[in-house]
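Peer 1: Structure: work.cif, mmCIF, C-alpha atoms.
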```
data_start
loop_
_atom_site.label_atom_id
_atom_site.label_comp_id
_atom_site.auth_asym_id
_atom_site.auth_seq_id
_atom_site.Cartn_x
_atom_site.Cartn_y
_atom_site.Cartn_z
CA MET C 17 92.25 86.90 97.09
CA CYS C 18 94.92 89.03 98.71
CA GLU C 19 95.60 88.68 102.43
CA TYR C 20 93.66 91.89 103.19
CA CYS C 21 90.57 90.64 101.32
CA LEU C 22 90.64 87.50 103.43
CA LYS C 23 91.03 89.52 106.61
CA HIS C 24 88.73 92.48 105.95
CA GLY C 25 86.64 91.60 102.90
CA GLU C 26 83.98 89.30 104.37
CA GLY C 27 83.92 87.33 101.11
CA LYS C 28 84.45 90.36 98.89
CA LYS C 29 87.48 92.45 97.99
CA TRP C 30 88.40 94.50 101.06
CA TYR C 31 87.62 97.82 99.41
CA LEU C 32 84.16 96.64 98.34
CA ASN C 33 83.15 95.87 101.92
CA ALA C 34 81.06 98.88 103.02
CA LYS C 35 81.91 98.17 106.65
CA ASN C 36 85.45 99.40 106.06
CA TYR C 37 84.10 102.90 105.37
CA SER C 38 81.78 103.02 108.35
CA ASP C 39 81.66 105.23 111.45
CA GLU C 40 82.43 102.36 113.79
CA VAL C 41 85.68 101.47 112.00
CA LEU C 42 86.54 105.16 111.69
CA ALA C 43 86.09 105.62 115.44
CA LYS C 44 89.00 103.22 116.03
CA HIS C 45 91.16 104.85 113.36
CA VAL C 46 90.42 108.56 113.71
CA HIS C 47 93.79 109.22 115.38
CA ILE C 48 95.53 107.67 112.33
CA VAL C 49 93.53 109.85 109.94
CA LYS C 50 94.59 112.94 111.89
CA ASP C 51 98.19 111.74 112.02
CA VAL C 52 98.35 111.10 108.25
CA VAL C 53 96.78 114.44 107.37
CA GLU C 54 99.11 116.28 109.72
CA LYS C 55 102.31 114.56 108.59
CA VAL C 56 101.77 113.65 104.95
CA ASP C 57 102.78 117.04 103.64
CA GLY C 58 105.29 117.83 106.37
CA ILE C 59 107.40 115.43 108.37
CA ALA C 60 106.41 112.17 106.57
CA PRO C 61 108.40 112.65 103.32
CA LEU C 62 111.46 113.58 105.40
CA THR C 63 111.21 110.50 107.61
CA LEU C 64 110.43 108.35 104.60
CA GLY C 65 113.48 109.67 102.76
CA GLN C 66 115.75 109.20 105.77
CA GLU C 67 114.48 105.70 106.36
CA LEU C 68 114.93 104.69 102.74
CA ASN C 69 118.47 106.09 102.87
CA ARG C 70 119.22 104.16 106.04
CA TYR C 71 117.77 100.96 104.57
CA ARG C 72 119.90 101.33 101.46
CA LYS C 73 123.10 101.80 103.46
CA ILE C 74 122.71 98.82 105.80
CA PRO C 75 122.71 95.55 103.81
CA ILE C 76 120.43 93.55 106.12
CA LEU C 77 117.85 96.36 106.24
CA ARG C 78 118.15 96.76 102.50
CA ARG C 79 117.13 93.15 102.06
CA LEU C 80 114.24 93.59 104.45
CA THR C 81 112.99 96.91 103.00
CA PRO C 82 109.89 95.33 101.41
CA GLN C 83 108.76 93.58 104.59
CA ILE C 84 109.53 96.49 106.95
CA SER C 85 107.83 99.10 104.78
CA GLN C 86 104.78 96.93 104.17
CA ARG C 87 104.29 96.26 107.89
CA LYS C 88 104.63 99.95 108.74
CA LEU C 89 102.46 101.27 105.96
CA VAL C 90 99.58 98.83 106.50
CA LYS C 91 99.21 100.34 109.98
CA TRP C 92 99.39 103.88 108.62
CA HIS C 93 98.50 104.65 105.01
CA PHE C 94 98.45 101.73 102.57
CA GLY C 95 96.79 101.38 99.20
CA GLN C 96 95.93 99.22 96.24
CA VAL C 97 95.48 99.82 92.53
CA LEU C 98 91.95 99.32 91.23
CA PRO C 99 90.16 99.67 87.88
CA ILE C 100 87.27 102.00 87.11
CA GLU C 101 84.69 99.17 87.38
CA ASP C 102 85.50 98.70 91.05
CA LEU C 103 85.30 102.47 91.60
CA GLU C 104 81.82 102.39 90.10
CA GLU C 105 80.88 99.63 92.50
CA ILE C 106 82.27 101.62 95.43
CA SER C 107 80.30 104.69 94.33
CA SER C 108 77.10 102.67 94.59
CA PHE C 109 77.36 102.46 98.38
CA ILE C 110 79.36 105.48 99.54
CA GLU C 111 77.50 108.67 100.38
CA SER C 112 79.98 111.53 100.33
CA VAL C 113 82.78 112.65 98.04
CA VAL C 114 85.17 115.55 98.56
CA ARG C 115 88.03 116.58 96.33
CA PHE C 116 91.20 118.12 97.67
CA SER C 117 94.71 118.87 96.52
CA CYS C 118 97.30 116.11 96.21
CA ALA C 119 100.04 115.98 98.83
CA CYS C 120 102.42 113.98 96.60
CA ARG C 121 102.42 116.54 93.83
CA SER C 122 103.04 119.19 96.45
CA ILE C 123 106.04 117.26 97.81
CA LEU C 124 107.49 116.18 94.46
CA TRP C 125 106.84 119.19 92.26
CA GLY C 126 106.13 121.98 94.71
CA LYS C 127 102.69 122.43 93.18
CA ARG C 128 100.27 122.92 96.02
CA ASN C 129 96.97 122.97 94.26
CA GLU C 130 96.80 119.91 92.02
CA ARG C 131 93.38 118.55 92.90
CA TYR C 132 93.41 114.82 92.23
CA CYS C 133 92.56 113.28 95.60
CA TYR C 134 89.04 112.16 96.45
CA GLY C 135 87.98 111.64 100.03
CA ILE C 136 85.13 109.12 100.17
CA GLY C 137 82.94 108.01 103.03
CA LEU C 138 79.60 106.93 104.33
CA GLY C 139 78.24 110.38 105.01
CA ILE C 140 81.42 111.54 106.70
CA PHE C 141 83.14 114.64 105.38
CA PRO C 142 86.79 115.03 106.39
CA ASP C 143 86.18 118.54 107.74
CA GLU C 144 83.76 117.04 110.24
CA ILE C 145 86.43 114.70 111.58
CA LEU C 146 89.30 117.10 111.43
CA GLY C 147 87.51 120.32 112.32
CA GLY C 148 88.78 122.32 109.38
CA TYR C 149 91.56 120.98 107.23
CA PRO C 150 95.25 121.62 107.91
CA ASP C 151 97.44 123.45 105.43
CA VAL C 152 97.46 120.61 102.87
CA THR C 153 94.44 122.23 101.32
CA GLU C 154 94.47 125.76 102.70
CA ASP C 155 94.36 127.29 99.21
CA LEU C 156 91.01 125.96 98.14
CA GLY C 157 89.96 123.63 100.91
CA LEU C 158 87.58 120.77 100.37
CA GLU C 159 85.29 120.65 97.40
CA LYS C 160 82.07 118.66 97.85
CA LEU C 161 81.08 116.70 94.75
CA GLY C 162 78.17 114.59 93.60
CA LYS C 163 78.91 110.91 92.93
CA GLU C 164 78.20 111.12 89.19
CA GLU C 165 80.35 114.22 88.85
CA ALA C 166 83.19 112.48 90.68
CA LEU C 167 82.96 109.36 88.50
CA LYS C 168 83.02 111.46 85.36
CA ALA C 169 86.20 113.16 86.53
CA LEU C 170 87.75 109.80 87.46
CA ARG C 171 87.01 108.41 84.00
CA ALA C 172 88.58 111.47 82.39
CA TYR C 173 91.84 110.86 84.27
CA GLU C 174 92.32 107.58 82.42
CA GLU C 175 92.90 109.42 79.18
CA GLN C 176 95.78 111.30 80.80
CA GLY C 177 97.36 108.04 81.92
CA MET C 178 96.51 108.25 85.61
CA VAL C 179 96.20 105.10 87.67
CA HIS C 180 93.41 104.89 90.26
CA SER C 181 94.30 103.63 93.69
CA ILE C 182 92.43 103.35 96.97
CA TRP C 183 93.98 104.19 100.33
CA THR C 184 93.47 103.25 103.93
CA PHE C 185 94.17 105.02 107.20
CA GLY C 186 95.30 102.00 109.13
CA MET C 187 93.91 98.88 107.41
CA PRO C 188 90.93 98.44 107.04
CA PHE C 189 89.51 101.98 107.34
CA THR C 190 89.25 103.21 103.76
CA GLY C 191 88.90 106.85 102.86
CA VAL C 192 90.78 108.17 99.82
CA ILE C 193 90.97 107.56 96.07
CA CYS C 194 94.16 108.78 94.41
CA ASN C 195 94.76 109.34 90.71
CA CYS C 196 98.38 109.53 89.70
CA THR C 197 101.09 108.59 87.27
CA ALA C 198 104.33 106.91 88.37
CA GLN C 199 106.05 110.29 88.28
CA ASP C 200 103.49 112.13 90.40
CA CYS C 201 103.06 109.68 93.25
CA ILE C 202 105.58 109.39 96.04
CA THR C 203 104.53 105.87 97.05
CA MET C 204 104.51 104.65 93.47
CA ARG C 205 108.05 105.89 93.06
CA ALA C 206 109.17 104.26 96.29
CA THR C 207 107.42 101.00 95.44
CA VAL C 208 108.29 100.67 91.77
CA SER C 209 111.80 102.16 91.86
CA TYR C 210 113.17 101.56 95.37
CA GLY C 211 111.73 98.20 96.33
CA ALA C 212 109.65 99.50 99.24
CA ARG C 213 106.09 98.23 99.58
CA MET C 214 103.68 101.08 100.03
CA PHE C 215 100.82 99.96 97.89
CA MET C 216 99.97 96.78 96.09
CA LYS C 217 98.99 95.57 92.65
CA GLY C 218 95.31 95.40 91.75
CA GLU C 219 93.17 92.28 91.89
CA TYR C 220 93.34 92.07 88.10
CA VAL C 221 95.85 91.60 85.32
CA ALA C 222 95.63 92.85 81.74
CA GLN C 223 95.64 90.42 78.87
CA GLY C 224 95.96 91.30 75.20
CA ASP C 225 94.03 89.61 72.40
CA ILE C 226 96.61 88.87 69.72
CA GLU C 227 94.00 88.66 66.99
CA LYS C 228 92.46 92.06 67.71
CA CYS C 229 95.70 94.01 68.41
CA THR C 230 96.66 96.30 65.53
CA GLY C 231 100.03 97.33 66.97
CA CYS C 232 99.20 101.05 67.29
CA LYS C 233 101.24 101.22 70.54
CA GLU C 234 98.80 103.65 72.20
CA CYS C 235 98.60 101.41 75.28
CA MET C 236 102.37 101.61 75.75
CA LYS C 237 102.07 105.35 76.39
CA GLN C 238 99.48 104.68 79.07
CA CYS C 239 101.36 102.04 81.05
CA ASN C 240 103.12 103.44 84.10
CA PHE C 241 104.82 100.19 84.99
CA GLY C 242 106.64 99.29 81.78
CA ALA C 243 104.59 96.14 81.37
CA ILE C 244 103.84 96.59 77.67
CA THR C 245 106.39 96.03 74.93
CA TYR C 246 106.09 96.00 71.17
CA SER C 247 107.34 93.47 68.66
CA PRO C 248 107.92 94.83 65.14
CA THR C 249 108.30 91.22 63.95
CA LEU C 250 104.76 90.39 64.96
CA GLY C 251 103.43 93.96 64.65
CA ARG C 252 101.77 93.61 68.03
CA ILE C 253 102.17 94.50 71.66
CA ARG C 254 102.68 92.01 74.43
CA ILE C 255 101.84 92.51 78.10
CA ASN C 256 104.19 91.09 80.71
CA PRO C 257 101.82 89.72 83.35
CA GLN C 258 104.51 89.77 86.05
CA GLN C 259 104.87 93.52 85.65
CA CYS C 260 101.22 94.42 85.09
CA TRP C 261 99.60 96.25 88.03
CA GLY C 262 96.05 95.66 86.83
CA CYS C 263 94.94 99.31 86.67
CA GLY C 264 93.25 98.78 83.31
CA ILE C 265 93.89 102.26 81.91
CA CYS C 266 95.48 100.75 78.78
CA ARG C 267 91.98 99.65 77.79
CA TYR C 268 90.82 103.24 77.59
CA VAL C 269 93.00 104.05 74.56
CA CYS C 270 92.75 100.66 72.84
CA SER C 271 90.45 101.31 69.86
CA PRO C 272 90.11 97.64 68.75
CA ARG C 273 89.25 96.76 72.39
CA ALA C 274 91.98 94.13 72.42
CA ILE C 275 92.84 94.38 76.13
CA VAL C 276 90.74 92.83 78.87
CA LEU C 277 91.26 92.54 82.62
CA LYS C 278 91.42 89.06 84.07
CA ASP C 279 91.14 88.09 87.70
CA ARG C 280 94.67 87.86 89.11
CA ASN C 281 93.59 85.25 91.64
CA ALA C 282 92.49 82.88 88.88
CA ILE C 283 96.03 82.61 87.49
CA PRO C 284 98.11 80.34 89.77
CA GLY C 285 101.44 81.94 88.85
CA LEU C 286 100.25 85.44 89.74
CA LYS C 287 98.11 84.96 92.82
CA ASP C 288 101.05 85.70 95.13
CA ASN C 289 102.50 88.46 92.97
CA TRP C 290 101.28 91.58 94.78
CA PHE C 291 104.29 93.91 94.52
CA MET U 69 105.27 74.48 89.06
CA ALA U 70 103.42 73.61 85.90
CA LYS U 71 104.45 70.70 83.74
CA ILE U 72 103.92 71.60 80.10
CA SER U 73 104.07 69.03 77.36
CA ILE U 74 103.61 69.22 73.61
CA ASP U 75 102.38 66.24 71.63
CA GLN U 76 104.79 66.50 68.68
CA THR U 77 102.64 64.24 66.51
CA LYS U 78 99.75 66.74 66.73
CA CYS U 79 101.82 69.98 66.58
CA GLU U 80 101.25 71.93 63.35
CA PHE U 81 104.42 74.03 63.43
CA ASP U 82 105.49 72.67 60.05
CA GLU U 83 102.11 73.76 58.63
CA GLY U 84 102.87 77.35 59.68
CA CYS U 85 101.13 77.58 63.05
CA ARG U 86 102.93 79.89 65.49
CA MET U 87 100.07 80.35 67.97
CA CYS U 88 101.70 79.18 71.21
CA LEU U 89 104.87 81.18 70.54
CA GLU U 90 102.83 84.34 70.03
CA ILE U 91 100.14 83.86 72.68
CA CYS U 92 102.48 83.08 75.59
CA SER U 93 103.04 86.35 77.42
CA THR U 94 106.01 85.13 79.44
CA GLY U 95 107.88 83.38 76.62
CA VAL U 96 107.92 79.75 77.69
CA PHE U 97 108.12 78.27 74.18
CA ILE U 98 111.09 78.31 71.84
CA VAL U 99 111.78 76.76 68.47
CA HIS U 100 114.82 74.57 68.13
CA SER U 101 116.28 72.66 65.22
CA LEU U 102 116.63 68.93 64.92
CA LYS U 103 119.78 68.34 62.97
CA PRO U 104 120.09 64.99 61.22
CA ARG U 105 123.36 63.20 61.98
CA THR U 106 124.34 63.16 58.33
CA PRO U 107 122.65 64.76 55.28
CA GLU U 108 121.45 61.31 54.22
CA HIS U 109 119.22 61.16 57.30
CA GLY U 110 116.98 63.87 55.85
CA PRO U 111 116.50 67.66 56.00
CA ILE U 112 116.86 69.86 59.09
CA GLY U 113 113.63 69.82 61.07
CA PHE U 114 112.29 72.26 63.68
CA ARG U 115 110.11 71.73 66.68
CA VAL U 116 108.53 73.82 69.44
CA SER U 117 109.49 73.03 73.01
CA PRO U 118 108.33 74.48 76.33
CA ILE U 119 111.92 74.98 77.49
CA LEU U 120 111.47 77.93 79.88
CA ASP U 121 108.68 76.33 81.88
CA THR U 122 109.82 78.03 85.11
CA LEU U 123 108.40 81.26 83.63
CA CYS U 124 104.95 79.72 83.21
CA ILE U 125 102.19 81.47 85.17
CA GLU U 126 99.63 78.77 84.33
CA CYS U 127 97.20 81.10 82.59
CA ASP U 128 96.26 78.26 80.18
CA GLU U 129 96.11 80.60 77.18
CA CYS U 130 98.29 78.24 75.11
CA VAL U 131 96.03 75.28 75.85
CA ASN U 132 92.94 77.29 74.91
CA HIS U 133 94.43 78.66 71.70
CA CYS U 134 96.24 75.60 70.33
CA LYS U 135 94.21 74.61 67.28
CA SER U 136 95.39 71.01 67.22
CA GLY U 137 95.13 70.44 70.96
CA ALA U 138 98.76 69.42 71.18
CA ILE U 139 99.60 71.30 74.39
CA SER U 140 98.72 70.09 77.84
CA VAL U 141 99.56 71.76 81.15
CA ARG U 142 99.55 69.77 84.35
CA HIS U 143 99.07 72.06 87.37
#
```
Can I see the file as structure tokens?

Peer 2:
Amino acid sequence: MCEYCLKHGEGKKWYLNAKNYSDEVLAKHVHIVKDVVEKVDGIAPLTLGQELNRYRKIPILRRLTPQISQRKLVKWHFGQVLPIEDLEEISSFIESVVRFSCACRSILWGKRNERYCYGIGLGIFPDEILGGYPDVTEDLGLEKLGKEEALKALRAYEEQGMVHSIWTFGMPFTGVICNCTAQDCITMRATVSYGARMFMKGEYVAQGDIEKCTGCKECMKQCNFGAITYSPTLGRIRINPQQCWGCGICRYVCSPRAIVLKDRNAIPGLKDNWF
Amino acid sequence: MAKISIDQTKCEFDEGCRMCLEICSTGVFIVHSLKPRTPEHGPIGFRVSPILDTLCIECDECVNHCKSGAISVRH
């Protein structure tokens, strides 16, 4: 179990503990929610960029970038990769889903109406907390969805190679599901390419069955983390467990069903490999 | 760190088994030759060794897949 599951999971994974979505936890974190929503599309990418620049220039800070960024982000807006099965489990206890446009795609590509973010809660709609939504979503605002409809859309994203992740507003209050590729997500870029720690690997790790794999290489196109490589000698793919983030979207395109997700915590060499 | 050992008397590499080499996702095992001192001592032999055991993540896939039960991993 990751440190956050131990701290906030009450025996389960932290994001499967319904308490972390509740009104009472929200009450303590509502100022963080407002702060994130206000800054995420405005001042936050600027500060983030400046800080990363500063860290890269000063050697001691450069070495400490992972620790500093993790400590800061856990208090603000931190996330974890999760597979569709866990999203299904979450959908069994949450009550409300709203879809809104993605701030990362707005920052990185200047596209302001890419609707891939899902606000989830126990009967709380973001507009009720925020009293109308700031300009992040001014074009179309919040779209209320049914749970089944939302799950269907989430499953469809897997085909396009999008990784699901779940996000907090100050650990442990949980409120957003993101769907992105490594190119579309600002935190994924910072984490995978610049050594910052803004979200963590999932609780799982993919494992290939060498007898079932036909070497079609479809899974390689799905992987956002470069964990899958192909051997022409063997005519098969191989998954590097150290680089696997456990999102499980490679399974979606694998027609011989050769890839399964294993529990990361059950493999001694991986149980501390979260970034 | 895991201590991996291969019982060379049970290993079926010479019979064409390559299972541990292919199943290990981190690449712990390699094949190396055993050169006889002089040609009279016999032909060149090969054996599998868990040389890069620092890469081992202790997933136990090799132990589970080895048909002859020659591999053991001590955690």

Peer 1: List the spatial neighbours of segment 96-106 of chain C as a PyMOL selection string - criterion: any atom at most 10 Å away, all atoms listed in the file, same-chain residues fewer than 3 positions off excluded.

Peer 2: chain C and resi 29+31-34+109-111+136-137+163-164+167+170-171+174+179-184+193-195+214-220+261-265+277+290

Peer 1: Evaluate the PyMOL selection byres ((chain C) within 7 of (chain U)) and record the selected residues as a PyMOL selection string, following the chain and residue labels used in the document.

Peer 2: chain C and resi 226+254-257+283-286

Peer 1: Do a neighbour search on segment 61-75 of chain C at 9 Å with all atoms listed in the file, toss out local chain neighbours closer than 3 positions, and write the hits as an mmCIF file with C-alpha atoms, in the coordinates of the input.

Peer 2:
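Resulting contents of selection-v6.cif:
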```cif
data_model
loop_
_atom_site.group_PDB
_atom_site.id
_atom_site.type_symbol
_atom_site.label_atom_id
_atom_site.label_comp_id
_atom_site.auth_asym_id
_atom_site.auth_seq_id
_atom_site.Cartn_x
_atom_site.Cartn_y
_atom_site.Cartn_z
ATOM 1 C CA LYS C 55 102.310 114.560 108.590
ATOM 2 C CA VAL C 56 101.770 113.650 104.950
ATOM 3 C CA ASP C 57 102.780 117.040 103.640
ATOM 4 C CA GLY C 58 105.290 117.830 106.370
ATOM 5 C CA ARG C 78 118.150 96.760 102.500
ATOM 6 C CA ARG C 79 117.130 93.150 102.060
ATOM 7 C CA LEU C 80 114.240 93.590 104.450
ATOM 8 C CA THR C 81 112.990 96.910 103.000
ATOM 9 C CA ILE C 123 106.040 117.260 97.810
ATOM 10 C CA ILE C 202 105.580 109.390 96.040
ATOM 11 C CA ALA C 206 109.170 104.260 96.290
ATOM 12 C CA TYR C 210 113.170 101.560 95.370
ATOM 13 C CA ALA C 212 109.650 99.500 99.240
#
```

Peer 1: With a distance cut-off of 9 Å and only C-alpha atoms, select the neighbouring residues of Tyr20 of chain C, excluding the residue or stretch itself and same-chain residues fewer than 6 positions from it, and output the selection as a ChimeraX atom specification.

Peer 2: /C:29-30,187-188

Peer 1: Spell out the residues picked by the PyMOL selection byres ((chain C and resi 186) around 7) here, as a PyMOL selection string.

Peer 2: chain C and resi 45+48+90-93+184-185+187-189

Peer 1: The PyMOL selection byres ((chain U and resi 81) around 12) on the file shown: which residues, as an MDAnalysis selection string?

Peer 2: chainID U and resid 74:80 82:89 98:100 113:117 134:136 138
